[in-house]
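Source file query.txt; content: compact mmCIF, C-alpha atoms.
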# COMPACT_ATOMS: atom_id res chain seq x y z
CA MET A 1 -4.32 -1.84 15.95
CA ARG A 2 -6.50 0.44 18.06
CA ARG A 3 -7.10 3.99 16.92
CA ASP A 4 -8.84 7.06 18.15
CA ALA A 5 -10.70 8.17 15.01
CA PHE A 6 -7.84 9.46 12.80
CA ASP A 7 -5.14 9.10 15.41
CA PRO A 8 -2.99 6.14 16.45
CA THR A 9 -3.55 4.97 19.99
CA PRO A 10 -1.67 7.08 22.58
CA ALA A 11 0.07 3.89 23.74
CA LEU A 12 2.18 3.94 20.57
CA ARG A 13 3.35 7.43 21.30
CA GLU A 14 4.28 6.44 24.83
CA ILE A 15 6.44 3.55 23.54
CA ARG A 16 8.02 5.79 20.88
CA GLU A 17 8.93 8.44 23.46
CA THR A 18 10.35 5.98 25.99
CA ASP A 19 11.77 2.58 24.99
CA GLY A 20 11.19 2.80 21.23
CA VAL A 21 10.79 -0.98 21.02
CA ARG A 22 8.64 -3.08 23.31
CA THR A 23 7.38 -6.65 23.46
CA MET A 24 3.64 -7.13 23.13
CA VAL A 25 1.22 -10.01 22.78
CA ASN A 26 -0.46 -9.93 19.37
CA SER A 27 -3.95 -11.08 18.43
CA PHE A 28 -2.68 -14.66 18.06
CA GLY A 29 -1.29 -14.68 21.59
CA MET A 30 2.31 -14.57 20.35
CA THR A 31 4.95 -12.33 21.86
CA VAL A 32 6.18 -9.87 19.26
CA TYR A 33 8.55 -6.90 19.23
CA LEU A 34 6.89 -3.63 18.26
CA VAL A 35 9.10 -0.97 16.62
CA THR A 36 7.72 2.58 16.76
CA ARG A 37 10.34 5.14 15.63
CA HIS A 38 10.67 6.35 12.05
CA GLU A 39 14.41 5.69 11.70
CA ASP A 40 14.21 2.26 13.37
CA ILE A 41 11.33 1.24 11.12
CA LYS A 42 13.32 2.23 8.04
CA ALA A 43 16.30 0.28 9.34
CA VAL A 44 14.19 -2.87 9.83
CA LEU A 45 12.43 -2.64 6.47
CA SER A 46 15.60 -1.98 4.49
CA ASP A 47 17.47 -4.95 6.05
CA HIS A 48 15.83 -7.97 4.45
CA GLU A 49 18.74 -10.23 5.37
CA ARG A 50 18.29 -9.89 9.11
CA PHE A 51 14.53 -9.19 9.04
CA SER A 52 12.95 -11.81 6.80
CA ASN A 53 9.46 -11.95 5.27
CA GLY A 54 9.79 -15.71 4.87
CA ARG A 55 8.76 -18.14 7.58
CA PRO A 56 11.01 -20.93 8.86
CA PRO A 57 9.79 -24.49 8.13
CA GLY A 58 7.26 -25.60 10.71
CA PHE A 59 6.23 -22.05 11.63
CA VAL A 60 2.53 -22.08 12.54
CA LEU A 61 0.28 -19.46 14.06
CA PRO A 62 -1.29 -20.53 17.35
CA GLY A 63 -4.88 -21.56 16.68
CA ALA A 64 -4.24 -22.32 13.03
CA PRO A 65 -5.32 -25.77 11.85
CA GLN A 66 -2.70 -28.25 10.72
CA ILE A 67 -2.05 -27.79 7.03
CA SER A 68 0.15 -30.01 4.92
CA GLU A 69 3.57 -28.64 3.94
CA GLN A 70 2.39 -28.90 0.36
CA GLU A 71 -0.61 -26.64 0.92
CA VAL A 72 1.54 -24.13 2.79
CA ALA A 73 3.98 -24.02 -0.13
CA SER A 74 1.16 -23.74 -2.64
CA ALA A 75 -0.55 -20.92 -0.73
CA ARG A 76 2.74 -19.05 -0.41
CA ALA A 77 3.79 -19.34 -4.05
CA GLY A 78 3.68 -16.04 -5.88
CA ASN A 79 2.87 -14.06 -2.74
CA LEU A 80 5.56 -11.42 -2.96
CA LEU A 81 4.98 -10.40 0.64
CA SER A 82 6.05 -13.80 1.94
CA LEU A 83 9.24 -13.97 -0.12
CA ASP A 84 12.75 -12.66 0.38
CA PRO A 85 15.27 -11.68 -2.31
CA PRO A 86 16.39 -13.04 -4.72
CA GLU A 87 13.11 -14.96 -5.23
CA HIS A 88 11.12 -11.83 -4.43
CA GLN A 89 13.01 -9.72 -6.95
CA ARG A 90 12.54 -12.36 -9.67
CA LEU A 91 8.74 -12.10 -9.41
CA ARG A 92 8.57 -8.37 -8.71
CA ARG A 93 10.58 -7.62 -11.83
CA MET A 94 7.94 -9.37 -13.93
CA LEU A 95 5.41 -6.80 -12.75
CA THR A 96 7.29 -3.52 -12.46
CA ALA A 97 6.69 -2.52 -16.08
CA GLU A 98 2.96 -2.44 -15.32
CA PHE A 99 3.33 0.20 -12.59
CA THR A 100 5.78 2.75 -14.00
CA ILE A 101 5.02 6.45 -13.77
CA ARG A 102 4.72 6.54 -17.57
CA ARG A 103 2.26 3.65 -17.59
CA MET A 104 0.19 5.45 -14.97
CA ARG A 105 0.02 8.56 -17.15
CA LEU A 106 -1.35 6.41 -19.97
CA LEU A 107 -3.97 5.05 -17.57
CA GLU A 108 -4.95 8.50 -16.35
CA PRO A 109 -7.79 9.14 -18.84
CA ARG A 110 -9.33 5.72 -18.18
CA ILE A 111 -9.18 6.25 -14.40
CA ALA A 112 -10.77 9.70 -14.82
CA GLU A 113 -13.53 8.07 -16.87
CA ILE A 114 -14.17 5.48 -14.16
CA VAL A 115 -14.25 8.22 -11.50
CA ASP A 116 -16.71 10.27 -13.57
CA GLY A 117 -18.90 7.23 -14.04
CA GLN A 118 -19.19 6.73 -10.28
CA LEU A 119 -19.86 10.45 -9.74
CA ASP A 120 -22.65 10.28 -12.33
CA LEU A 121 -24.14 7.36 -10.43
CA MET A 122 -23.95 9.27 -7.14
CA GLU A 123 -25.65 12.26 -8.73
CA LYS A 124 -28.39 10.09 -10.21
CA THR A 125 -29.00 8.34 -6.89
CA GLY A 126 -29.20 11.66 -5.05
CA PRO A 127 -28.23 12.38 -1.46
CA PRO A 128 -27.69 10.94 1.01
CA VAL A 129 -25.41 8.17 -0.24
CA ASP A 130 -22.86 5.88 1.33
CA LEU A 131 -19.61 7.19 -0.11
CA VAL A 132 -17.79 3.92 0.61
CA GLU A 133 -20.23 1.88 -1.43
CA THR A 134 -20.72 4.33 -4.30
CA PHE A 135 -17.26 5.87 -4.62
CA ALA A 136 -14.41 4.68 -2.42
CA LEU A 137 -14.73 0.95 -3.10
CA PRO A 138 -15.90 0.77 -6.75
CA ILE A 139 -13.22 3.07 -8.20
CA PRO A 140 -10.12 1.10 -7.16
CA SER A 141 -12.04 -2.11 -7.69
CA LEU A 142 -12.92 -1.29 -11.30
CA VAL A 143 -9.36 -0.13 -11.98
CA ILE A 144 -7.60 -3.17 -10.53
CA CYS A 145 -10.06 -5.63 -12.12
CA GLU A 146 -9.40 -4.14 -15.54
CA LEU A 147 -5.64 -4.13 -14.99
CA ILE A 148 -5.39 -7.73 -13.80
CA GLY A 149 -8.11 -9.20 -16.00
CA VAL A 150 -10.70 -10.05 -13.35
CA PRO A 151 -14.38 -9.79 -14.40
CA TYR A 152 -15.90 -6.91 -12.40
CA ASP A 153 -19.23 -8.74 -12.44
CA ASP A 154 -17.77 -11.24 -9.98
CA ARG A 155 -17.11 -8.40 -7.52
CA ASP A 156 -19.74 -9.24 -4.92
CA ASP A 157 -17.95 -12.50 -4.15
CA PHE A 158 -14.33 -11.37 -4.23
CA GLN A 159 -14.91 -8.02 -2.51
CA GLN A 160 -16.56 -9.84 0.38
CA ARG A 161 -13.77 -12.38 0.49
CA SER A 162 -10.95 -9.83 0.36
CA ALA A 163 -12.50 -7.73 3.15
CA ARG A 164 -13.08 -10.78 5.36
CA GLN A 165 -9.65 -12.32 4.72
CA LEU A 166 -8.05 -9.35 6.44
CA ASP A 167 -10.65 -9.07 9.20
CA LEU A 168 -8.81 -9.99 12.38
CA SER A 169 -12.04 -10.66 14.27
CA ILE A 170 -12.74 -13.67 12.03
CA PRO A 171 -11.19 -16.92 13.33
CA ILE A 172 -8.09 -18.15 11.48
CA PRO A 173 -9.67 -21.40 10.18
CA ASP A 174 -12.44 -19.34 8.55
CA ARG A 175 -9.94 -16.95 7.04
CA LEU A 176 -7.93 -19.87 5.69
CA GLU A 177 -11.11 -21.22 4.11
CA LEU A 178 -11.71 -17.81 2.49
CA GLN A 179 -8.16 -17.90 1.22
CA ARG A 180 -8.83 -21.32 -0.33
CA GLN A 181 -11.96 -20.00 -2.04
CA SER A 182 -10.07 -16.97 -3.35
CA ARG A 183 -7.35 -19.18 -4.75
CA ALA A 184 -9.87 -21.48 -6.39
CA TYR A 185 -11.57 -18.49 -8.02
CA MET A 186 -8.27 -17.05 -9.20
CA GLY A 187 -7.27 -20.51 -10.41
CA SER A 188 -10.19 -20.47 -12.83
CA LEU A 189 -9.04 -17.10 -14.21
CA VAL A 190 -5.45 -18.35 -14.54
CA GLU A 191 -6.65 -21.41 -16.43
CA ARG A 192 -8.57 -19.18 -18.81
CA ALA A 193 -5.59 -16.87 -19.29
CA ARG A 194 -3.36 -19.87 -20.04
CA ARG A 195 -5.74 -20.84 -22.86
CA GLN A 196 -6.46 -17.35 -24.13
CA PRO A 197 -4.19 -14.63 -22.69
CA GLY A 198 -5.85 -11.21 -22.78
CA GLU A 199 -4.47 -7.66 -22.83
CA ASP A 200 -4.14 -7.49 -19.06
CA ILE A 201 -1.58 -8.39 -16.39
CA LEU A 202 -2.59 -12.06 -16.25
CA GLY A 203 -2.36 -12.23 -20.03
CA MET A 204 1.01 -10.48 -20.04
CA LEU A 205 2.38 -12.84 -17.37
CA VAL A 206 1.25 -15.88 -19.38
CA ARG A 207 2.66 -14.53 -22.65
CA GLU A 208 5.97 -13.24 -21.35
CA HIS A 209 6.68 -15.47 -18.35
CA GLY A 210 4.29 -18.39 -18.80
CA ASP A 211 7.14 -20.94 -18.93
CA GLU A 212 8.84 -19.66 -15.78
CA LEU A 213 5.72 -19.42 -13.61
CA THR A 214 3.70 -22.23 -12.08
CA ASP A 215 -0.06 -21.93 -11.85
CA ASP A 216 0.31 -21.54 -8.07
CA GLU A 217 2.63 -18.58 -8.64
CA LEU A 218 0.26 -16.95 -11.13
CA ILE A 219 -2.62 -17.44 -8.69
CA GLY A 220 -0.53 -16.00 -5.86
CA ILE A 221 0.57 -12.94 -7.81
CA ALA A 222 -2.91 -12.13 -9.12
CA SER A 223 -4.57 -12.77 -5.75
CA LEU A 224 -2.16 -10.43 -4.01
CA LEU A 225 -2.70 -7.69 -6.61
CA LEU A 226 -6.48 -8.04 -6.34
CA LEU A 227 -6.45 -7.94 -2.54
CA ALA A 228 -3.95 -5.07 -2.35
CA GLY A 229 -5.72 -3.10 -5.06
CA HIS A 230 -8.99 -3.26 -3.14
CA GLU A 231 -8.22 -2.91 0.48
CA THR A 232 -5.85 0.02 0.35
CA THR A 233 -6.91 2.77 -2.04
CA SER A 234 -10.59 2.27 -1.19
CA ASN A 235 -9.93 2.87 2.49
CA MET A 236 -7.78 5.88 1.68
CA LEU A 237 -10.55 7.38 -0.44
CA GLY A 238 -13.20 6.90 2.26
CA LEU A 239 -11.11 7.91 5.26
CA GLY A 240 -9.36 10.66 3.29
CA THR A 241 -12.65 12.26 2.29
CA LEU A 242 -13.72 12.25 5.93
CA ALA A 243 -10.41 13.84 6.95
CA LEU A 244 -10.91 16.59 4.40
CA LEU A 245 -14.51 17.16 5.49
CA ARG A 246 -13.20 17.69 9.02
CA HIS A 247 -10.66 20.27 7.72
CA PRO A 248 -12.77 22.51 5.44
CA ASP A 249 -10.02 25.01 4.55
CA GLN A 250 -7.79 22.16 3.36
CA LEU A 251 -10.71 20.56 1.53
CA ALA A 252 -11.22 23.86 -0.33
CA ALA A 253 -7.54 23.86 -1.37
CA VAL A 254 -7.77 20.32 -2.78
CA ARG A 255 -10.94 21.29 -4.65
CA ASP A 256 -9.74 24.63 -6.04
CA ASP A 257 -5.97 24.43 -6.43
CA PRO A 258 -4.59 21.71 -8.75
CA ASP A 259 -1.08 22.24 -7.33
CA ALA A 260 -2.32 21.36 -3.85
CA VAL A 261 -3.52 17.90 -4.85
CA GLY A 262 -0.22 15.98 -5.07
CA PRO A 263 1.13 17.18 -1.69
CA ALA A 264 -2.32 16.67 -0.14
CA VAL A 265 -2.35 13.02 -1.19
CA GLU A 266 1.08 12.48 0.42
CA GLU A 267 -0.03 14.13 3.65
CA LEU A 268 -3.23 12.07 3.71
CA LEU A 269 -1.12 8.94 3.26
CA ARG A 270 1.16 9.96 6.12
CA TRP A 271 -1.44 11.23 8.55
CA LEU A 272 -3.91 8.39 8.04
CA SER A 273 -1.37 5.54 7.61
CA ILE A 274 -4.14 3.01 7.04
CA VAL A 275 -1.80 0.00 7.10
CA HIS A 276 -1.22 -0.55 10.81
CA SER A 277 1.91 -2.63 10.44
CA ALA A 278 4.14 -3.88 7.69
CA ILE A 279 4.12 -7.67 7.20
CA PRO A 280 5.75 -8.97 10.38
CA ARG A 281 9.43 -9.75 9.91
CA ILE A 282 11.29 -12.64 11.54
CA THR A 283 14.78 -12.04 12.82
CA THR A 284 17.29 -14.36 11.17
CA THR A 285 19.99 -13.60 13.76
CA ASP A 286 20.36 -11.81 17.09
CA VAL A 287 19.80 -8.10 16.50
CA GLU A 288 19.49 -4.88 18.48
CA ILE A 289 17.03 -2.06 17.78
CA ALA A 290 16.94 1.14 19.85
CA GLY A 291 19.18 -0.61 22.38
CA VAL A 292 16.75 -3.52 22.76
CA ALA A 293 18.23 -6.96 22.13
CA ILE A 294 16.05 -9.21 19.98
CA PRO A 295 17.06 -12.87 19.62
CA ALA A 296 16.97 -14.75 16.32
CA GLY A 297 13.60 -16.23 15.32
CA GLU A 298 11.41 -13.50 16.87
CA LEU A 299 8.55 -11.67 15.17
CA VAL A 300 9.04 -7.93 14.61
CA PHE A 301 6.10 -5.61 13.90
CA VAL A 302 6.77 -2.07 12.69
CA SER A 303 4.04 0.47 13.38
CA LEU A 304 3.68 2.61 10.26
CA PRO A 305 1.26 5.11 11.87
CA SER A 306 3.68 5.63 14.74
CA GLY A 307 6.67 6.11 12.42
CA ASN A 308 4.70 8.61 10.36
CA ARG A 309 3.80 10.61 13.50
CA ASP A 310 7.36 10.63 14.85
CA PRO A 311 8.43 14.25 15.59
CA ASP A 312 12.02 13.24 14.79
CA PHE A 313 10.81 12.59 11.23
CA ILE A 314 8.55 15.59 10.71
CA ASP A 315 7.64 18.74 12.67
CA SER A 316 4.19 19.02 14.27
CA ALA A 317 3.70 15.38 13.34
CA GLU A 318 0.24 15.14 14.89
CA VAL A 319 -1.07 18.01 12.75
CA PHE A 320 -2.77 17.38 9.40
CA ASP A 321 -1.33 19.92 6.97
CA ILE A 322 -1.59 19.24 3.25
CA ARG A 323 0.87 21.99 2.41
CA ARG A 324 3.88 20.07 3.71
CA GLY A 325 3.65 17.21 1.21
CA ALA A 326 5.20 14.78 3.71
CA PRO A 327 8.04 13.39 1.58
CA GLY A 328 9.63 10.30 3.10
CA HIS A 329 6.53 8.98 4.85
CA LEU A 330 6.28 5.25 5.42
CA ALA A 331 2.67 4.68 4.36
CA PHE A 332 3.82 2.54 1.41
CA GLY A 333 6.46 0.81 3.50
CA HIS A 334 10.19 0.92 2.78
CA GLY A 335 12.86 -1.39 1.41
CA VAL A 336 12.42 -4.07 -1.25
CA HIS A 337 8.76 -4.65 -0.36
CA HIS A 338 7.79 -0.98 -0.83
CA CYS A 339 4.29 -0.99 -2.31
CA LEU A 340 4.42 -2.04 -5.97
CA GLY A 341 1.14 -0.27 -6.68
CA ALA A 342 2.12 3.04 -5.09
CA PRO A 343 2.16 4.94 -8.41
CA LEU A 344 -1.32 3.57 -9.20
CA ALA A 345 -2.68 4.42 -5.75
CA ARG A 346 -1.30 7.94 -6.03
CA MET A 347 -2.78 8.41 -9.48
CA GLU A 348 -6.20 7.15 -8.38
CA MET A 349 -6.25 9.48 -5.37
CA ARG A 350 -4.97 12.48 -7.29
CA ILE A 351 -7.82 12.07 -9.74
CA ALA A 352 -10.60 10.97 -7.38
CA PHE A 353 -10.38 13.49 -4.50
CA PRO A 354 -10.56 16.70 -6.57
CA ALA A 355 -13.12 15.20 -8.97
CA LEU A 356 -15.42 14.36 -6.06
CA LEU A 357 -15.05 17.77 -4.45
CA ARG A 358 -15.59 19.64 -7.71
CA ARG A 359 -18.68 17.64 -8.63
CA PHE A 360 -20.20 18.20 -5.19
CA PRO A 361 -18.74 21.48 -3.85
CA SER A 362 -21.18 21.40 -0.94
CA LEU A 363 -20.28 17.82 0.06
CA ALA A 364 -20.97 17.29 3.77
CA LEU A 365 -21.44 14.55 6.33
CA ALA A 366 -25.02 13.27 6.50
CA GLU A 367 -24.47 11.79 9.96
CA ASP A 368 -22.83 12.91 13.19
CA PHE A 369 -19.06 12.50 13.13
CA ALA A 370 -19.40 10.51 16.36
CA ASP A 371 -21.58 7.98 14.50
CA VAL A 372 -19.21 7.33 11.60
CA PRO A 373 -18.28 3.63 11.83
CA PHE A 374 -14.51 3.22 11.78
CA ARG A 375 -13.21 -0.21 10.90
CA SER A 376 -11.31 -1.77 13.79
CA PHE A 377 -9.79 -5.23 14.13
CA HIS A 378 -8.88 -5.21 10.51
CA PHE A 379 -5.43 -5.46 8.98
CA ILE A 380 -6.14 -2.18 7.17
CA TYR A 381 -7.84 0.81 8.77
CA GLY A 382 -10.74 2.64 7.20
CA LEU A 383 -14.47 3.23 7.35
CA LYS A 384 -17.29 0.70 7.13
CA SER A 385 -19.51 3.34 5.53
CA LEU A 386 -19.69 7.13 5.19
CA GLU A 387 -23.07 8.80 4.74
CA VAL A 388 -22.68 12.05 2.78
CA THR A 389 -24.99 14.66 1.33
CA TRP A 390 -24.57 17.74 -0.89
CA MET B 1 26.88 17.14 -8.74
CA ARG B 2 26.66 13.61 -10.18
CA VAL B 3 24.36 10.76 -9.28
CA SER B 4 24.47 7.03 -9.91
CA ALA B 5 21.80 4.36 -9.76
CA ASP B 6 22.17 0.66 -9.00
CA ARG B 7 19.76 -0.95 -11.45
CA ASP B 8 20.08 -4.36 -9.77
CA VAL B 9 18.81 -2.94 -6.48
CA CYS B 10 16.04 -0.77 -7.98
CA ILE B 11 12.51 -1.90 -7.08
CA SER B 12 10.68 0.53 -9.39
CA ALA B 13 8.84 2.45 -6.69
CA GLY B 14 9.00 5.51 -8.94
CA ASN B 15 9.76 7.91 -6.08
CA CYS B 16 12.85 9.28 -7.88
CA VAL B 17 10.87 10.14 -11.02
CA MET B 18 8.30 11.87 -8.84
CA ALA B 19 10.92 13.85 -6.92
CA ALA B 20 13.33 14.65 -9.78
CA GLY B 21 11.86 13.85 -13.17
CA ALA B 22 14.57 15.84 -14.96
CA VAL B 23 17.30 13.63 -13.45
CA PHE B 24 15.75 10.16 -13.22
CA ASP B 25 13.47 8.14 -15.43
CA GLN B 26 12.29 4.54 -15.66
CA ASP B 27 12.95 2.29 -18.65
CA ASP B 28 10.17 0.16 -20.13
CA ASP B 29 10.67 -2.43 -17.38
CA GLY B 30 10.36 0.21 -14.70
CA ILE B 31 14.07 0.17 -13.80
CA VAL B 32 15.73 3.48 -12.94
CA VAL B 33 17.75 5.36 -15.56
CA VAL B 34 19.92 8.40 -14.84
CA LEU B 35 19.20 11.00 -17.51
CA VAL B 36 22.11 13.40 -17.03
CA ASP B 37 25.90 13.22 -16.56
CA GLU B 38 25.95 16.34 -14.48
CA VAL B 39 22.92 17.36 -12.42
CA PRO B 40 22.06 20.99 -13.27
CA GLU B 41 22.30 23.27 -10.25
CA SER B 42 18.60 24.00 -10.42
CA GLU B 43 17.84 20.28 -10.01
CA GLU B 44 20.29 19.50 -7.20
CA ALA B 45 17.74 19.83 -4.40
CA HIS B 46 15.31 17.56 -6.25
CA ALA B 47 18.04 15.00 -6.91
CA ARG B 48 19.05 14.97 -3.23
CA GLU B 49 15.42 14.46 -2.30
CA ALA B 50 15.17 11.54 -4.73
CA VAL B 51 18.27 9.89 -3.24
CA LYS B 52 16.77 10.25 0.22
CA LEU B 53 13.36 8.91 -0.81
CA CYS B 54 14.51 5.79 -2.64
CA PRO B 55 13.08 2.87 -0.64
CA SER B 56 15.71 0.40 -1.84
CA GLU B 57 18.66 2.78 -1.44
CA ALA B 58 19.58 2.32 -5.10
CA LEU B 59 20.69 5.93 -5.64
CA ARG B 60 23.97 7.62 -4.72
CA ILE B 61 25.41 11.09 -5.01
CA THR B 62 28.86 10.37 -6.46
CA ASP B 63 30.38 13.84 -6.37

Serialized structure, C-alpha cells:
Amino acid sequence: MRRDAFDPTPALREIRETDGVRTMVNSFGMTVYLVTRHEDIKAVLSDHERFSNGRPPGFVLPGAPQISEQEVASARAGNLLSLDPPEHQRLRRMLTAEFTIRRMRLLEPRIAEIVDGQLDLMEKTGPPVDLVETFALPIPSLVICELIGVPYDDRDDFQQRSARQLDLSIPIPDRLELQRQSRAYMGSLVERARRQPGEDILGMLVREHGDELTDDELIGIASLLLLAGHETTSNMLGLGTLALLRHPDQLAAVRDDPDAVGPAVEELLRWLSIVHSAIPRITTTDVEIAGVAIPAGELVFVSLPSGNRDPDFIDSAEVFDIRRGAPGHLAFGHGVHHCLGAPLARMEMRIAFPALLRRFPSLALAEDFADVPFRSFHFIYGLKSLEVTW
Amino acid sequence: MRVSADRDVCISAGNCVMAAGAVFDQDDDGIVVVLVDEVPESEEAHAREAVKLCPSEALRITD
C-alpha cells in the first residue's frame, strides 16, 4: 500500500523483476500471496473459478468481532464484489443498461453543468482553494447521488462514512460499525424507493426487478455504487490534477487539444493506479502463478499499480506520457468484476480535467509539492487536500 | 476479417465500443452487438484492439 508520491513502492518492482509472486503479511496479520506482473494479474482476474471473490463459510478476518452468520449474509447481499458468477452476473446485468457508452453521452451535458457549477463556486471563493473539497470530491459525488437517487444534502454524513470505511488505519470493529450505519441509511432510501420509485437507479431497480431483489440486495447494490462512485473518481481528479501540474507541457496539451484528453485520461488511470489491489481472491484449488505453487484456500492480492508499471506490458512504464493512451491498463481491473462504472468515470474525467484547466489557465500549486498530503493506509490512493491558486 | 461476440459472457465494460465503435455497439441493456458481417479493412486494427481489450474475453476474431 505504500507509495512514493506518484510511484508505487520500489519493493513491488523488486518482486516483479525477481519472483513475480511473493507471500506477505497484510494489515490484518494474514499471510497473502502478492501477484505483481501484468500478465499474471490478468490471468488471476479472468479466472473466477479458481480465484473466487466469495468467502468460504466461517472465514473471518483476524481482529474482527464475532458476527452472526445472518448478519454476514445480510451485509454481503447485493455486494457485487463479494459474489462469483452466476450470482454476480444476475445482479450486474440489472445495472449494465445504466452505464452504457450511449447512456453516458446522454449524461454528458448534465455532468458538464455540474462541473461548471463547481468551477463557478471556485471562482467566486477566489484563490487559494482546496481543490479536493471544491472540485474533486463534489463533482463525482453530485453525479452519483443523482444517478442512484441519494439526496446530496445528506452528503456530509455519507461522504465521511465512505472515506472512513476504506481507511485501513481505523480498527475493523469501527469500520464494521460504519458499515452498519451506511446500510441503515441506505435502508431508509430503499424503503422510500419501494413506496415511490423515482427516475433513478434505485427507482429503476424497484420497478424492473423489485420482485427478484430483497431489500438487503437493494441496499448492497446502492451502497456499493455510492461508495465506488465517491472514492474513485474523486481521487483521480485530485491526484490527476497534481500529476498534470507537475508536468506542465502535458497539462497544456490537455487544456488546449481536445484530441489529447481521452488518451490523457487513460494514461492518468494507468500511471496513478489509485486502487492498490483488486478485491483479494481466494484460491478454490491448488494453483501455480509465475512458477509459485499456491494451495487452495489462500488469499491472493494483485497489485494493480505494479501491473500497470510492468515493462513487459508497456515501454518506459515508469514515465508519464499522455500521448500513449495506455490501452489495456488494469486500473479498472479485469475479468467479470471489471469496473461497472468505468464509462462514467471516464466521462467525468474527460469533462472535468479540461474544463478546470481552461477556466483557470494559470492554475498552480499554492503549497510546496513536498507538503501535499498524500493519503496512505487507505484502500484507495489519493490526496487529503490540494491547495491551488490561479 | 470477421468477429464474433459471446453475449452471455459480456460484462458491458464498453471497451469495445470505445476502441472500435464502427464494429461493436451495445444494445439497450449494455450487451455487446457486432455491427458488421465483414470488418472493413480500415477498421481491422481497431477491431483487433477491441478483442484484446475486452475484460471478459467475450470477443473473437473468427477469420

Residues of chain B that approach chain A to 10 Å or less, counting only C-alpha atoms: could you list each one with the shortest pair of atoms and its distance in Å to one decimal, rows by chain and increasing residue number, as JSON lines?
{"residue": "B:Asp8", "atom": "CA", "partner": "A:Gln89", "partner_atom": "CA", "distance": 9.3}
{"residue": "B:Val9", "atom": "CA", "partner": "A:Val336", "partner_atom": "CA", "distance": 8.3}
{"residue": "B:Cys10", "atom": "CA", "partner": "A:Val336", "partner_atom": "CA", "distance": 8.3}
{"residue": "B:Ile11", "atom": "CA", "partner": "A:Val336", "partner_atom": "CA", "distance": 6.2}
{"residue": "B:Ser12", "atom": "CA", "partner": "A:Thr96", "partner_atom": "CA", "distance": 6.1}
{"residue": "B:Ala13", "atom": "CA", "partner": "A:Leu340", "partner_atom": "CA", "distance": 6.3}
{"residue": "B:Gly14", "atom": "CA", "partner": "A:Ile101", "partner_atom": "CA", "distance": 6.3}
{"residue": "B:Asn15", "atom": "CA", "partner": "A:Pro343", "partner_atom": "CA", "distance": 8.5}
{"residue": "B:Val17", "atom": "CA", "partner": "A:Ile101", "partner_atom": "CA", "distance": 7.4}
{"residue": "B:Met18", "atom": "CA", "partner": "A:Ile101", "partner_atom": "CA", "distance": 8.0}
{"residue": "B:Ala19", "atom": "CA", "partner": "A:Pro327", "partner_atom": "CA", "distance": 9.0}
{"residue": "B:Asp25", "atom": "CA", "partner": "A:Ile101", "partner_atom": "CA", "distance": 8.8}
{"residue": "B:Gln26", "atom": "CA", "partner": "A:Thr100", "partner_atom": "CA", "distance": 7.0}
{"residue": "B:Asp27", "atom": "CA", "partner": "A:Ala97", "partner_atom": "CA", "distance": 8.3}
{"residue": "B:Asp28", "atom": "CA", "partner": "A:Ala97", "partner_atom": "CA", "distance": 6.0}
{"residue": "B:Asp29", "atom": "CA", "partner": "A:Ala97", "partner_atom": "CA", "distance": 4.2}
{"residue": "B:Gly30", "atom": "CA", "partner": "A:Ala97", "partner_atom": "CA", "distance": 4.8}
{"residue": "B:Ile31", "atom": "CA", "partner": "A:Thr96", "partner_atom": "CA", "distance": 7.8}
{"residue": "B:Glu49", "atom": "CA", "partner": "A:Pro327", "partner_atom": "CA", "distance": 8.4}
{"residue": "B:Ala50", "atom": "CA", "partner": "A:Gly328", "partner_atom": "CA", "distance": 9.7}
{"residue": "B:Lys52", "atom": "CA", "partner": "A:Gly328", "partner_atom": "CA", "distance": 7.7}
{"residue": "B:Leu53", "atom": "CA", "partner": "A:Gly328", "partner_atom": "CA", "distance": 5.6}
{"residue": "B:Cys54", "atom": "CA", "partner": "A:Gly335", "partner_atom": "CA", "distance": 8.4}
{"residue": "B:Pro55", "atom": "CA", "partner": "A:Gly335", "partner_atom": "CA", "distance": 4.7}
{"residue": "B:Ser56", "atom": "CA", "partner": "A:Gly335", "partner_atom": "CA", "distance": 4.7}
{"residue": "B:Glu57", "atom": "CA", "partner": "A:Gly335", "partner_atom": "CA", "distance": 7.7}

Next item on the list: Determine, counting all atoms listed in the file, every residue of protein, DNA or RNA that lies within 8 Å of (-12.6, 6.9, -12.9) in the file coordinates, then give the result as JSON, numbers by chain.
Entry: {"A": [109, 110, 111, 112, 113, 114, 115, 116, 117, 118, 139, 143, 348, 351, 352]}

Check: Can you list, as a list in words, every protein, DNA or RNA residue that comes within 8 Å of region 281-293 of chain A when you count only C-alpha atoms, leaving out same-chain residues fewer than 6 positions away?
Finding: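 The contact residues come out as Asp19, Gly20, Val21, Asp40, Glu49, Arg50, Phe51, Ser52, Asn53, Gly54, Arg55, Leu299, Val300 and Phe301 of chain A.
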
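Closest approach to His48 (chain A) from the set A:Ala193, A:Pro280, A:Ala366, A:Gln250 is made by A:Pro280, with distances taken over only C-alpha atoms.
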
Item checked: Residue contacts of region 201-217 of chain A (8 Å, all atoms listed in the file) excluding same-chain residues fewer than 3 positions away, as a PyMOL selection string -> chain A and resi 74-75+77-79+94+98+147-149+187+190+193-194+196-198+220-222

Output file for the residues above (C-alpha atoms, as a tab-separated table (two decimals), in the coordinates of the input):
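Written output follows (out_13.tsv):
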chain	number	residue	atom	x	y	z
A	74	SER	CA	1.16	-23.74	-2.64
A	75	ALA	CA	-0.55	-20.92	-0.73
A	77	ALA	CA	3.79	-19.34	-4.05
A	78	GLY	CA	3.68	-16.04	-5.88
A	79	ASN	CA	2.87	-14.06	-2.74
A	94	MET	CA	7.94	-9.37	-13.93
A	98	GLU	CA	2.96	-2.44	-15.32
A	147	LEU	CA	-5.64	-4.13	-14.99
A	148	ILE	CA	-5.39	-7.73	-13.80
A	149	GLY	CA	-8.11	-9.20	-16.00
A	187	GLY	CA	-7.27	-20.51	-10.41
A	190	VAL	CA	-5.45	-18.35	-14.54
A	193	ALA	CA	-5.59	-16.87	-19.29
A	194	ARG	CA	-3.36	-19.87	-20.04
A	196	GLN	CA	-6.46	-17.35	-24.13
A	197	PRO	CA	-4.19	-14.63	-22.69
A	198	GLY	CA	-5.85	-11.21	-22.78
A	220	GLY	CA	-0.53	-16.00	-5.86
A	221	ILE	CA	0.57	-12.94	-7.81
A	222	ALA	CA	-2.91	-12.13	-9.12

Note to self: Between CA of Leu106 (chain A) and CA of Pro263 (chain A), what is the distance in Å, rounded to a tenth?
What the structure shows: 21.4 Å

Checklist line | Proximity to Ile294 (chain A) - best of A:Val35, A:Lys124, A:Ile172, A:Pro151, all atoms listed in the file | finding: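 Of A:Val35, A:Lys124, A:Ile172, A:Pro151, the one nearest Ile294 (chain A) is A:Val35, counting all atoms listed in the file.
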